[in-house]
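Structure data (PDB, C-alpha atoms, pLDDT in the B column) from final-v6.pdb:
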```
ATOM      1  CA  ILE J   1       0.000   0.000   0.000  1.00 76.00           C
ATOM      2  CA  ALA J   2       1.227   3.494  -0.798  1.00 87.00           C
ATOM      3  CA  GLN J   3       2.808   5.503   2.008  1.00 88.00           C
ATOM      4  CA  GLN J   4       2.382   9.296   1.962  1.00 96.00           C
ATOM      5  CA  VAL J   5       5.923  10.633   2.356  1.00 94.00           C
ATOM      6  CA  SER J   6       5.247  14.306   1.561  1.00 97.00           C
ATOM      7  CA  PRO J   7       2.223  16.435   0.625  1.00 97.00           C
ATOM      8  CA  LEU J   8       2.601  15.551  -3.074  1.00 98.00           C
ATOM      9  CA  ILE J   9       4.411  12.203  -2.939  1.00 98.00           C
ATOM     10  CA  ARG J  10       3.378   8.632  -2.170  1.00 96.00           C
ATOM     11  CA  ARG J  11       5.680   5.610  -2.310  1.00 95.00           C
ATOM     12  CA  VAL J  12       4.993   1.920  -2.918  1.00 92.00           C
ATOM     13  CA  ILE J  13       7.884  -0.447  -2.118  1.00 90.00           C
ATOM     14  CA  ALA J  14       8.183  -3.607  -4.183  1.00 81.00           C
ATOM     15  CA  GLU J  15       8.774  -6.979  -2.560  1.00 69.00           C
ATOM     16  CA  ASN J  16      12.194  -7.448  -4.155  1.00 73.00           C
ATOM     17  CA  PRO J  17      14.708  -6.950  -1.319  1.00 64.00           C
ATOM     18  CA  SER J  18      18.321  -7.830  -2.100  1.00 67.00           C
ATOM     19  CA  LYS J  19      21.889  -6.638  -1.622  1.00 65.00           C
ATOM     20  CA  PHE J  20      21.340  -4.361  -4.633  1.00 68.00           C
ATOM     21  CA  THR J  21      17.809  -3.111  -3.900  1.00 67.00           C
ATOM     22  CA  TYR J  22      17.898  -2.839  -0.078  1.00 67.00           C
ATOM     23  CA  ARG J  23      14.279  -3.295   1.120  1.00 78.00           C
ATOM     24  CA  GLY J  24      12.987  -3.112  -2.448  1.00 77.00           C
ATOM     25  CA  THR J  25      12.300  -0.764  -5.347  1.00 85.00           C
ATOM     26  CA  GLY J  26      10.416   2.362  -4.318  1.00 90.00           C
ATOM     27  CA  THR J  27       7.864   3.445  -6.925  1.00 94.00           C
ATOM     28  CA  TYR J  28       6.792   7.061  -6.465  1.00 96.00           C
ATOM     29  CA  ILE J  29       3.336   8.456  -7.210  1.00 97.00           C
ATOM     30  CA  VAL J  30       3.293  12.257  -7.537  1.00 98.00           C
ATOM     31  CA  GLY J  31       0.178  14.402  -7.246  1.00 97.00           C
ATOM     32  CA  HIS J  32      -3.494  13.850  -6.598  1.00 96.00           C
ATOM     33  CA  ASN J  33      -6.141  12.740  -9.106  1.00 94.00           C
ATOM     34  CA  ALA J  34      -3.893  13.416 -12.134  1.00 98.00           C
ATOM     35  CA  VAL J  35      -0.645  11.689 -11.152  1.00 98.00           C
ATOM     36  CA  ALA J  36       2.800  10.763 -12.435  1.00 98.00           C
ATOM     37  CA  VAL J  37       4.430   7.421 -11.625  1.00 98.00           C
ATOM     38  CA  ILE J  38       8.215   7.345 -11.310  1.00 97.00           C
ATOM     39  CA  ASP J  39      10.039   3.993 -11.736  1.00 94.00           C
ATOM     40  CA  PRO J  40       7.065   1.589 -11.980  1.00 94.00           C
ATOM     41  CA  GLY J  41       9.351  -1.205 -10.854  1.00 87.00           C
ATOM     42  CA  PRO J  42      10.042  -4.897 -11.421  1.00 87.00           C
ATOM     43  CA  MET J  43       7.845  -7.482 -13.114  1.00 83.00           C
ATOM     44  CA  LEU J  44       6.278  -8.805  -9.921  1.00 84.00           C
ATOM     45  CA  ASP J  45       2.585  -9.654  -9.622  1.00 90.00           C
ATOM     46  CA  SER J  46       2.556  -8.404  -6.041  1.00 90.00           C
ATOM     47  CA  HIS J  47       3.947  -5.009  -7.056  1.00 87.00           C
ATOM     48  CA  ARG J  48       1.610  -4.653 -10.026  1.00 91.00           C
ATOM     49  CA  GLU J  49      -1.343  -5.390  -7.754  1.00 95.00           C
ATOM     50  CA  ALA J  50      -0.063  -2.930  -5.131  1.00 94.00           C
ATOM     51  CA  LEU J  51       0.178  -0.225  -7.793  1.00 94.00           C
ATOM     52  CA  GLN J  52      -3.330  -1.009  -9.022  1.00 95.00           C
ATOM     53  CA  ARG J  53      -4.694  -0.558  -5.511  1.00 95.00           C
ATOM     54  CA  SER J  54      -2.664   2.586  -4.874  1.00 96.00           C
ATOM     55  CA  LEU J  55      -3.712   4.207  -8.172  1.00 96.00           C
ATOM     56  CA  ALA J  56      -7.414   3.416  -7.841  1.00 95.00           C
ATOM     57  CA  GLY J  57      -9.368   6.606  -8.488  1.00 94.00           C
ATOM     58  CA  ASP J  58      -6.360   8.410  -9.964  1.00 97.00           C
ATOM     59  CA  ARG J  59      -5.635   9.221 -13.604  1.00 97.00           C
ATOM     60  CA  VAL J  60      -2.056   8.456 -14.590  1.00 98.00           C
ATOM     61  CA  VAL J  61      -0.820  11.210 -16.911  1.00 98.00           C
ATOM     62  CA  ALA J  62       2.913  10.398 -17.041  1.00 98.00           C
ATOM     63  CA  ILE J  63       5.135   7.359 -16.477  1.00 97.00           C
ATOM     64  CA  VAL J  64       8.760   8.267 -15.798  1.00 97.00           C
ATOM     65  CA  VAL J  65      11.717   5.857 -15.859  1.00 95.00           C
ATOM     66  CA  THR J  66      15.072   6.943 -14.418  1.00 92.00           C
ATOM     67  CA  HIS J  67      16.961   4.157 -16.252  1.00 88.00           C
ATOM     68  CA  CYS J  68      16.512   0.723 -17.798  1.00 86.00           C
ATOM     69  CA  HIS J  69      17.325  -1.825 -15.126  1.00 77.00           C
ATOM     70  CA  SER J  70      15.016  -4.715 -14.351  1.00 77.00           C
ATOM     71  CA  ASP J  71      14.067  -3.389 -10.922  1.00 82.00           C
ATOM     72  CA  HIS J  72      12.959  -0.004 -12.324  1.00 76.00           C
ATOM     73  CA  SER J  73      11.388  -0.125 -15.777  1.00 84.00           C
ATOM     74  CA  PRO J  74       9.619  -3.420 -16.638  1.00 86.00           C
ATOM     75  CA  LEU J  75       6.163  -2.479 -15.301  1.00 92.00           C
ATOM     76  CA  ALA J  76       6.202   0.723 -17.370  1.00 93.00           C
ATOM     77  CA  GLN J  77       4.829  -1.127 -20.396  1.00 93.00           C
ATOM     78  CA  TRP J  78       1.955  -2.642 -18.415  1.00 94.00           C
ATOM     79  CA  LEU J  79       1.115   0.733 -16.892  1.00 96.00           C
ATOM     80  CA  HIS J  80       1.270   2.415 -20.308  1.00 96.00           C
ATOM     81  CA  GLU J  81      -1.062  -0.171 -21.830  1.00 96.00           C
ATOM     82  CA  THR J  82      -3.428   0.060 -18.865  1.00 95.00           C
ATOM     83  CA  THR J  83      -3.627   3.852 -18.625  1.00 97.00           C
ATOM     84  CA  ASP J  84      -2.526   5.075 -22.079  1.00 97.00           C
ATOM     85  CA  ALA J  85      -0.191   7.491 -20.291  1.00 98.00           C
ATOM     86  CA  PRO J  86       3.047   8.332 -22.132  1.00 97.00           C
ATOM     87  CA  THR J  87       6.386   7.028 -20.873  1.00 96.00           C
ATOM     88  CA  PHE J  88       9.367   9.337 -20.423  1.00 97.00           C
ATOM     89  CA  ALA J  89      13.084   8.513 -20.230  1.00 94.00           C
ATOM     90  CA  ILE J  90      16.408   9.649 -21.664  1.00 92.00           C
ATOM     91  CA  GLY J  91      16.051   6.717 -24.052  1.00 76.00           C
ATOM     92  CA  PRO J  92      16.380   2.942 -24.212  1.00 70.00           C
ATOM     93  CA  HIS J  93      19.426   1.288 -22.718  1.00 67.00           C
ATOM     94  CA  ALA J  94      22.646   1.558 -24.712  1.00 72.00           C
ATOM     95  CA  ASP J  95      23.477  -1.503 -26.803  1.00 58.00           C
ATOM     96  CA  SER J  96      26.643  -2.318 -24.865  1.00 38.00           C
ATOM     97  CA  VAL J  97      26.414  -5.106 -22.289  1.00 39.00           C
ATOM     98  CA  ILE J  98      27.399  -4.184 -18.753  1.00 38.00           C
ATOM     99  CA  ALA J  99      30.393  -6.243 -17.690  1.00 35.00           C
ATOM    100  CA  GLY J 100      29.404  -8.953 -15.236  1.00 35.00           C
ATOM    101  CA  ASP J 101      25.659  -8.623 -15.845  1.00 36.00           C
ATOM    102  CA  GLY J 102      25.362 -11.396 -18.418  1.00 34.00           C
ATOM    103  CA  ASP J 103      22.051 -11.490 -20.237  1.00 35.00           C
ATOM    104  CA  ASP J 104      18.650 -10.444 -18.927  1.00 36.00           C
ATOM    105  CA  THR J 105      17.696 -13.888 -17.647  1.00 34.00           C
ATOM    106  CA  ASP J 106      20.703 -15.317 -15.819  1.00 34.00           C
ATOM    107  CA  ASP J 107      21.581 -12.326 -13.662  1.00 39.00           C
ATOM    108  CA  ASN J 108      20.249 -12.651 -10.125  1.00 38.00           C
ATOM    109  CA  THR J 109      21.410  -9.249  -8.901  1.00 38.00           C
ATOM    110  CA  ASP J 110      18.182  -7.376  -9.774  1.00 39.00           C
ATOM    111  CA  ASP J 111      20.494  -5.042 -11.681  1.00 49.00           C
ATOM    112  CA  ALA J 112      20.058  -6.727 -15.071  1.00 84.00           C
ATOM    113  CA  ILE J 113      19.374  -4.652 -18.144  1.00 79.00           C
ATOM    114  CA  ASP J 114      15.798  -4.179 -19.360  1.00 74.00           C
ATOM    115  CA  ARG J 115      16.359  -4.022 -23.107  1.00 79.00           C
ATOM    116  CA  ASN J 116      12.627  -4.176 -23.865  1.00 80.00           C
ATOM    117  CA  PHE J 117      11.873  -0.697 -22.543  1.00 84.00           C
ATOM    118  CA  VAL J 118      11.666   2.081 -25.118  1.00 90.00           C
ATOM    119  CA  PRO J 119       9.990   5.324 -23.976  1.00 93.00           C
ATOM    120  CA  THR J 120       7.184   6.836 -26.004  1.00 95.00           C
ATOM    121  CA  ASN J 121       8.816  10.204 -25.255  1.00 95.00           C
ATOM    122  CA  ALA J 122      12.618  10.507 -25.235  1.00 95.00           C
ATOM    123  CA  VAL J 123      13.661  13.512 -23.157  1.00 96.00           C
ATOM    124  CA  THR J 124      16.799  15.576 -22.621  1.00 96.00           C
ATOM    125  CA  ASP J 125      18.413  17.467 -19.765  1.00 97.00           C
ATOM    126  CA  GLY J 126      16.319  20.374 -18.512  1.00 96.00           C
ATOM    127  CA  GLU J 127      13.226  19.332 -20.448  1.00 97.00           C
ATOM    128  CA  SER J 128       9.819  19.649 -18.810  1.00 97.00           C
ATOM    129  CA  ILE J 129       8.132  16.245 -18.559  1.00 97.00           C
ATOM    130  CA  ILE J 130       4.723  17.435 -17.434  1.00 97.00           C
ATOM    131  CA  ASP J 131       2.986  20.335 -15.699  1.00 97.00           C
ATOM    132  CA  THR J 132      -0.451  19.496 -14.313  1.00 97.00           C
ATOM    133  CA  GLY J 133      -0.951  22.816 -12.574  1.00 96.00           C
ATOM    134  CA  GLU J 134      -0.562  21.054  -9.240  1.00 98.00           C
ATOM    135  CA  PHE J 135       2.992  19.867  -9.895  1.00 98.00           C
ATOM    136  CA  ALA J 136       5.677  19.936 -12.568  1.00 98.00           C
ATOM    137  CA  LEU J 137       8.486  17.473 -13.295  1.00 98.00           C
ATOM    138  CA  THR J 138      11.757  18.318 -15.030  1.00 98.00           C
ATOM    139  CA  VAL J 139      14.570  16.122 -16.370  1.00 98.00           C
ATOM    140  CA  VAL J 140      17.995  16.258 -14.718  1.00 98.00           C
ATOM    141  CA  SER J 141      20.351  14.117 -16.803  1.00 97.00           C
ATOM    142  CA  THR J 142      22.776  12.208 -14.551  1.00 96.00           C
ATOM    143  CA  PRO J 143      24.786   9.658 -16.548  1.00 94.00           C
ATOM    144  CA  GLY J 144      27.156   7.412 -14.642  1.00 87.00           C
ATOM    145  CA  HIS J 145      25.256   4.492 -13.101  1.00 88.00           C
ATOM    146  CA  THR J 146      24.054   3.967 -16.675  1.00 87.00           C
ATOM    147  CA  SER J 147      24.580   6.165 -19.710  1.00 86.00           C
ATOM    148  CA  ASN J 148      20.845   6.952 -19.891  1.00 91.00           C
ATOM    149  CA  HIS J 149      20.277   7.623 -16.175  1.00 93.00           C
ATOM    150  CA  MET J 150      18.276  10.667 -15.170  1.00 95.00           C
ATOM    151  CA  CYS J 151      16.927  12.227 -12.005  1.00 96.00           C
ATOM    152  CA  VAL J 152      13.589  14.029 -11.889  1.00 98.00           C
ATOM    153  CA  ALA J 153      13.024  17.404 -10.228  1.00 98.00           C
ATOM    154  CA  LEU J 154       9.773  18.338  -8.484  1.00 98.00           C
ATOM    155  CA  GLY J 155       9.907  22.116  -8.216  1.00 95.00           C
ATOM    156  CA  GLN J 156       6.899  22.510  -5.922  1.00 97.00           C
ATOM    157  CA  GLU J 157       8.727  20.698  -3.106  1.00 97.00           C
ATOM    158  CA  ARG J 158      12.313  21.474  -4.141  1.00 97.00           C
ATOM    159  CA  ALA J 159      12.755  17.722  -4.338  1.00 98.00           C
ATOM    160  CA  LEU J 160      14.749  15.429  -6.602  1.00 97.00           C
ATOM    161  CA  PHE J 161      13.931  11.802  -7.403  1.00 97.00           C
ATOM    162  CA  THR J 162      17.408  10.334  -7.728  1.00 94.00           C
ATOM    163  CA  GLY J 163      16.777   6.818  -9.063  1.00 90.00           C
ATOM    164  CA  ASP J 164      20.026   4.903  -8.486  1.00 88.00           C
ATOM    165  CA  HIS J 165      22.243   7.973  -8.797  1.00 88.00           C
ATOM    166  CA  VAL J 166      22.064   8.649  -5.056  1.00 89.00           C
ATOM    167  CA  MET J 167      20.928   5.783  -2.829  1.00 85.00           C
ATOM    168  CA  GLY J 168      19.385   6.051   0.616  1.00 79.00           C
ATOM    169  CA  TRP J 169      21.505   3.259   2.111  1.00 75.00           C
ATOM    170  CA  SER J 170      24.609   2.597   0.014  1.00 80.00           C
ATOM    171  CA  THR J 171      26.756   3.847  -2.805  1.00 84.00           C
ATOM    172  CA  THR J 172      25.546   2.855  -6.268  1.00 84.00           C
ATOM    173  CA  VAL J 173      27.096   0.364  -8.687  1.00 85.00           C
ATOM    174  CA  VAL J 174      28.994   1.839 -11.644  1.00 87.00           C
ATOM    175  CA  SER J 175      29.856  -0.985 -14.069  1.00 85.00           C
ATOM    176  CA  PRO J 176      31.701  -0.299 -17.351  1.00 85.00           C
ATOM    177  CA  PRO J 177      31.297  -0.119 -20.245  1.00 86.00           C
ATOM    178  CA  ASP J 178      27.841   1.488 -19.938  1.00 87.00           C
ATOM    179  CA  GLY J 179      28.509   2.750 -16.435  1.00 87.00           C
ATOM    180  CA  ASP J 180      31.147   5.467 -16.281  1.00 92.00           C
ATOM    181  CA  MET J 181      32.778   6.643 -13.054  1.00 95.00           C
ATOM    182  CA  ARG J 182      33.987   9.951 -14.498  1.00 96.00           C
ATOM    183  CA  ALA J 183      30.468  10.749 -15.702  1.00 95.00           C
ATOM    184  CA  TYR J 184      29.067   9.603 -12.360  1.00 94.00           C
ATOM    185  CA  ILE J 185      31.288  11.965 -10.352  1.00 97.00           C
ATOM    186  CA  GLU J 186      30.410  14.848 -12.663  1.00 97.00           C
ATOM    187  CA  SER J 187      26.724  14.045 -12.202  1.00 96.00           C
ATOM    188  CA  LEU J 188      27.157  13.965  -8.422  1.00 94.00           C
ATOM    189  CA  ARG J 189      28.649  17.450  -8.557  1.00 96.00           C
ATOM    190  CA  LYS J 190      25.751  18.584 -10.724  1.00 97.00           C
ATOM    191  CA  VAL J 191      23.213  17.334  -8.174  1.00 95.00           C
ATOM    192  CA  GLN J 192      25.186  18.808  -5.270  1.00 94.00           C
ATOM    193  CA  GLN J 193      25.131  22.241  -6.901  1.00 96.00           C
ATOM    194  CA  ARG J 194      21.348  22.177  -7.375  1.00 95.00           C
ATOM    195  CA  GLY J 195      20.479  22.797  -3.742  1.00 91.00           C
ATOM    196  CA  ASP J 196      17.375  20.612  -3.577  1.00 96.00           C
ATOM    197  CA  ASP J 197      15.774  20.361  -0.139  1.00 97.00           C
ATOM    198  CA  THR J 198      15.004  16.627  -0.387  1.00 96.00           C
ATOM    199  CA  LEU J 199      16.419  13.689  -2.336  1.00 96.00           C
ATOM    200  CA  TRP J 200      14.088  10.724  -2.913  1.00 96.00           C
ATOM    201  CA  PRO J 201      16.091   7.618  -3.921  1.00 92.00           C
ATOM    202  CA  THR J 202      14.486   4.553  -5.486  1.00 87.00           C
ATOM    203  CA  HIS J 203      16.178   2.383  -2.835  1.00 82.00           C
ATOM    204  CA  GLY J 204      16.247   3.397   0.835  1.00 77.00           C
ATOM    205  CA  GLY J 205      15.450   6.796   2.274  1.00 68.00           C
TER     206      GLY J 205
END
```

Write the structure described by the file as structure tokens, please.
Amino acid sequence: IAQQVSPLIRRVIAENPSKFTYRGTGTYIVGHNAVAVIDPGPMLDSHREALQRSLAGDRVVAIVVTHCHSDHSPLAQWLHETTDAPTFAIGPHADSVIAGDGDDTDDNTDDAIDRNFVPTNAVTDGESIIDTGEFALTVVSTPGHTSNHMCVALGQERALFTGDHVMGWSTTVVSPPDGDMRAYIESLRKVQQRGDDTLWPTHGG
């Protein structure tokens, strides 16, 4: 069931705890009535059902994916088909295979690549995702964990949804060739200079 964590934000935590996901993937629901869903999460029946219950009575107007790992993006397609809401991301995952991940099926780290996800709307740094009048979301490109990683700014609460760029319990994994430590450090500096009041990670916090 969704937990209200701020006036505009609810969070539903998936039942996929691990050494990479902490207590599980946190899917964020922003707004009231007309809502945005950030990181719909893994392909778990329990999480899909929890989202269905949490979104009952709401109209999903945007589905936002911070990056294409199997604990973040797979349910985006289901949610898109169910609600007809557009999906937003920097783009699909780069073609290169992350060292040590193997393919999508034999990696048990919950950090496998979701190569099936392609957003209906590819966005760029600084681009407005949506403005409902109640809230607005803006892209903050933060490559490093993956080349297509982004954070999402919520101006009304001076908050930043950080995906896996900044965790609430651990440092993130940066695995070449798609992950890039130099880009990650630069992205950390970028976030530090923003001066957001609150960071909402997908894991922990």

Practice prompt. Give me the residues within 6 Å of stretch 170-187 of chain J as a ChimeraX atom specification, counting only C-alpha atoms and dropping any in the same chain fewer than 6 places off.
Written response: /J:98,142-147

Discussion item. Just the number, please: distance in Å from atom CA of J:Leu199 to atom CA of J:Val166, one decimal.
Written reply: 8.0 Å

Item to complete: Calculate how many Å separate atom CA of J:Asp114 from atom CA of J:Phe135, rounding to one decimal.
Response: 28.8 Å

Fill in: Contacts of J:Gly204 within 9 Å, only C-alpha atoms, excl. fewer than 3 positions in-chain, as a PyMOL selection string
chain J and resi 21-26+167-170+200-201

Selected residues written out with C-alpha atoms, as a CSV table (one decimal), in the frame of the given file:
```csv
chain,number,residue,atom,x,y,z
J,21,THR,CA,17.8,-3.1,-3.9
J,22,TYR,CA,17.9,-2.8,-0.1
J,23,ARG,CA,14.3,-3.3,1.1
J,24,GLY,CA,13.0,-3.1,-2.4
J,25,THR,CA,12.3,-0.8,-5.3
J,26,GLY,CA,10.4,2.4,-4.3
J,167,MET,CA,20.9,5.8,-2.8
J,168,GLY,CA,19.4,6.1,0.6
J,169,TRP,CA,21.5,3.3,2.1
J,170,SER,CA,24.6,2.6,0.0
J,200,TRP,CA,14.1,10.7,-2.9
J,201,PRO,CA,16.1,7.6,-3.9
```

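Across the chains present, the PyMOL selection byres ((chain J and resi 89) around 7) applied to this file returns J:Val64, J:Val65, J:Thr66, J:Thr87, J:Phe88, J:Ile90, J:Gly91, J:Pro119, J:Asn121, J:Ala122, J:Val123.
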
Could you write stretch 131-147 of chain J of the block just shown to a file containing N, CA, C and O atoms, as an mmCIF file, in the first residue's frame?
```cif
data_model
loop_
_atom_site.group_PDB
_atom_site.id
_atom_site.type_symbol
_atom_site.label_atom_id
_atom_site.label_comp_id
_atom_site.auth_asym_id
_atom_site.auth_seq_id
_atom_site.Cartn_x
_atom_site.Cartn_y
_atom_site.Cartn_z
ATOM 1 N N ASP J 131 3.424 19.309 -16.645
ATOM 2 C CA ASP J 131 2.986 20.335 -15.699
ATOM 3 C C ASP J 131 1.476 20.235 -15.600
ATOM 4 O O ASP J 131 0.758 20.587 -16.535
ATOM 5 N N THR J 132 0.991 19.705 -14.481
ATOM 6 C CA THR J 132 -0.451 19.496 -14.313
ATOM 7 C C THR J 132 -1.152 20.713 -13.727
ATOM 8 O O THR J 132 -2.372 20.733 -13.630
ATOM 9 N N GLY J 133 -0.381 21.706 -13.325
ATOM 10 C CA GLY J 133 -0.951 22.816 -12.574
ATOM 11 C C GLY J 133 -0.742 22.615 -11.085
ATOM 12 O O GLY J 133 -0.473 23.569 -10.352
ATOM 13 N N GLU J 134 -0.846 21.378 -10.638
ATOM 14 C CA GLU J 134 -0.562 21.054 -9.240
ATOM 15 C C GLU J 134 0.925 20.810 -9.032
ATOM 16 O O GLU J 134 1.496 21.195 -8.007
ATOM 17 N N PHE J 135 1.564 20.158 -10.000
ATOM 18 C CA PHE J 135 2.992 19.867 -9.895
ATOM 19 C C PHE J 135 3.605 19.838 -11.289
ATOM 20 O O PHE J 135 2.910 19.651 -12.286
ATOM 21 N N ALA J 136 4.926 20.022 -11.323
ATOM 22 C CA ALA J 136 5.677 19.936 -12.568
ATOM 23 C C ALA J 136 6.925 19.105 -12.339
ATOM 24 O O ALA J 136 7.545 19.166 -11.269
ATOM 25 N N LEU J 137 7.292 18.307 -13.357
ATOM 26 C CA LEU J 137 8.486 17.473 -13.295
ATOM 27 C C LEU J 137 9.443 17.860 -14.411
ATOM 28 O O LEU J 137 9.013 18.089 -15.543
ATOM 29 N N THR J 138 10.727 17.901 -14.086
ATOM 30 C CA THR J 138 11.757 18.318 -15.030
ATOM 31 C C THR J 138 12.902 17.313 -15.030
ATOM 32 O O THR J 138 13.281 16.792 -13.977
ATOM 33 N N VAL J 139 13.465 17.070 -16.205
ATOM 34 C CA VAL J 139 14.570 16.122 -16.370
ATOM 35 C C VAL J 139 15.882 16.719 -15.864
ATOM 36 O O VAL J 139 16.215 17.867 -16.168
ATOM 37 N N VAL J 140 16.622 15.922 -15.097
ATOM 38 C CA VAL J 140 17.995 16.258 -14.718
ATOM 39 C C VAL J 140 18.854 15.068 -15.153
ATOM 40 O O VAL J 140 18.878 14.027 -14.501
ATOM 41 N N SER J 141 19.536 15.214 -16.271
ATOM 42 C CA SER J 141 20.351 14.117 -16.803
ATOM 43 C C SER J 141 21.532 13.849 -15.883
ATOM 44 O O SER J 141 22.284 14.769 -15.538
ATOM 45 N N THR J 142 21.697 12.567 -15.477
ATOM 46 C CA THR J 142 22.776 12.208 -14.551
ATOM 47 C C THR J 142 23.423 10.888 -14.990
ATOM 48 O O THR J 142 23.284 9.859 -14.326
ATOM 49 N N PRO J 143 24.111 10.888 -16.123
ATOM 50 C CA PRO J 143 24.786 9.658 -16.548
ATOM 51 C C PRO J 143 25.857 9.238 -15.554
ATOM 52 O O PRO J 143 26.407 10.069 -14.828
ATOM 53 N N GLY J 144 26.119 7.947 -15.525
ATOM 54 C CA GLY J 144 27.156 7.412 -14.642
ATOM 55 C C GLY J 144 26.805 6.002 -14.231
ATOM 56 O O GLY J 144 27.485 5.044 -14.607
ATOM 57 N N HIS J 145 25.737 5.836 -13.444
ATOM 58 C CA HIS J 145 25.256 4.492 -13.101
ATOM 59 C C HIS J 145 24.927 3.739 -14.385
ATOM 60 O O HIS J 145 25.307 2.584 -14.554
ATOM 61 N N THR J 146 24.209 4.389 -15.278
ATOM 62 C CA THR J 146 24.054 3.967 -16.675
ATOM 63 C C THR J 146 24.185 5.214 -17.537
ATOM 64 O O THR J 146 24.061 6.340 -17.053
ATOM 65 N N SER J 147 24.410 5.008 -18.829
ATOM 66 C CA SER J 147 24.580 6.165 -19.710
ATOM 67 C C SER J 147 23.282 6.932 -19.905
ATOM 68 O O SER J 147 23.312 8.115 -20.260
#
```
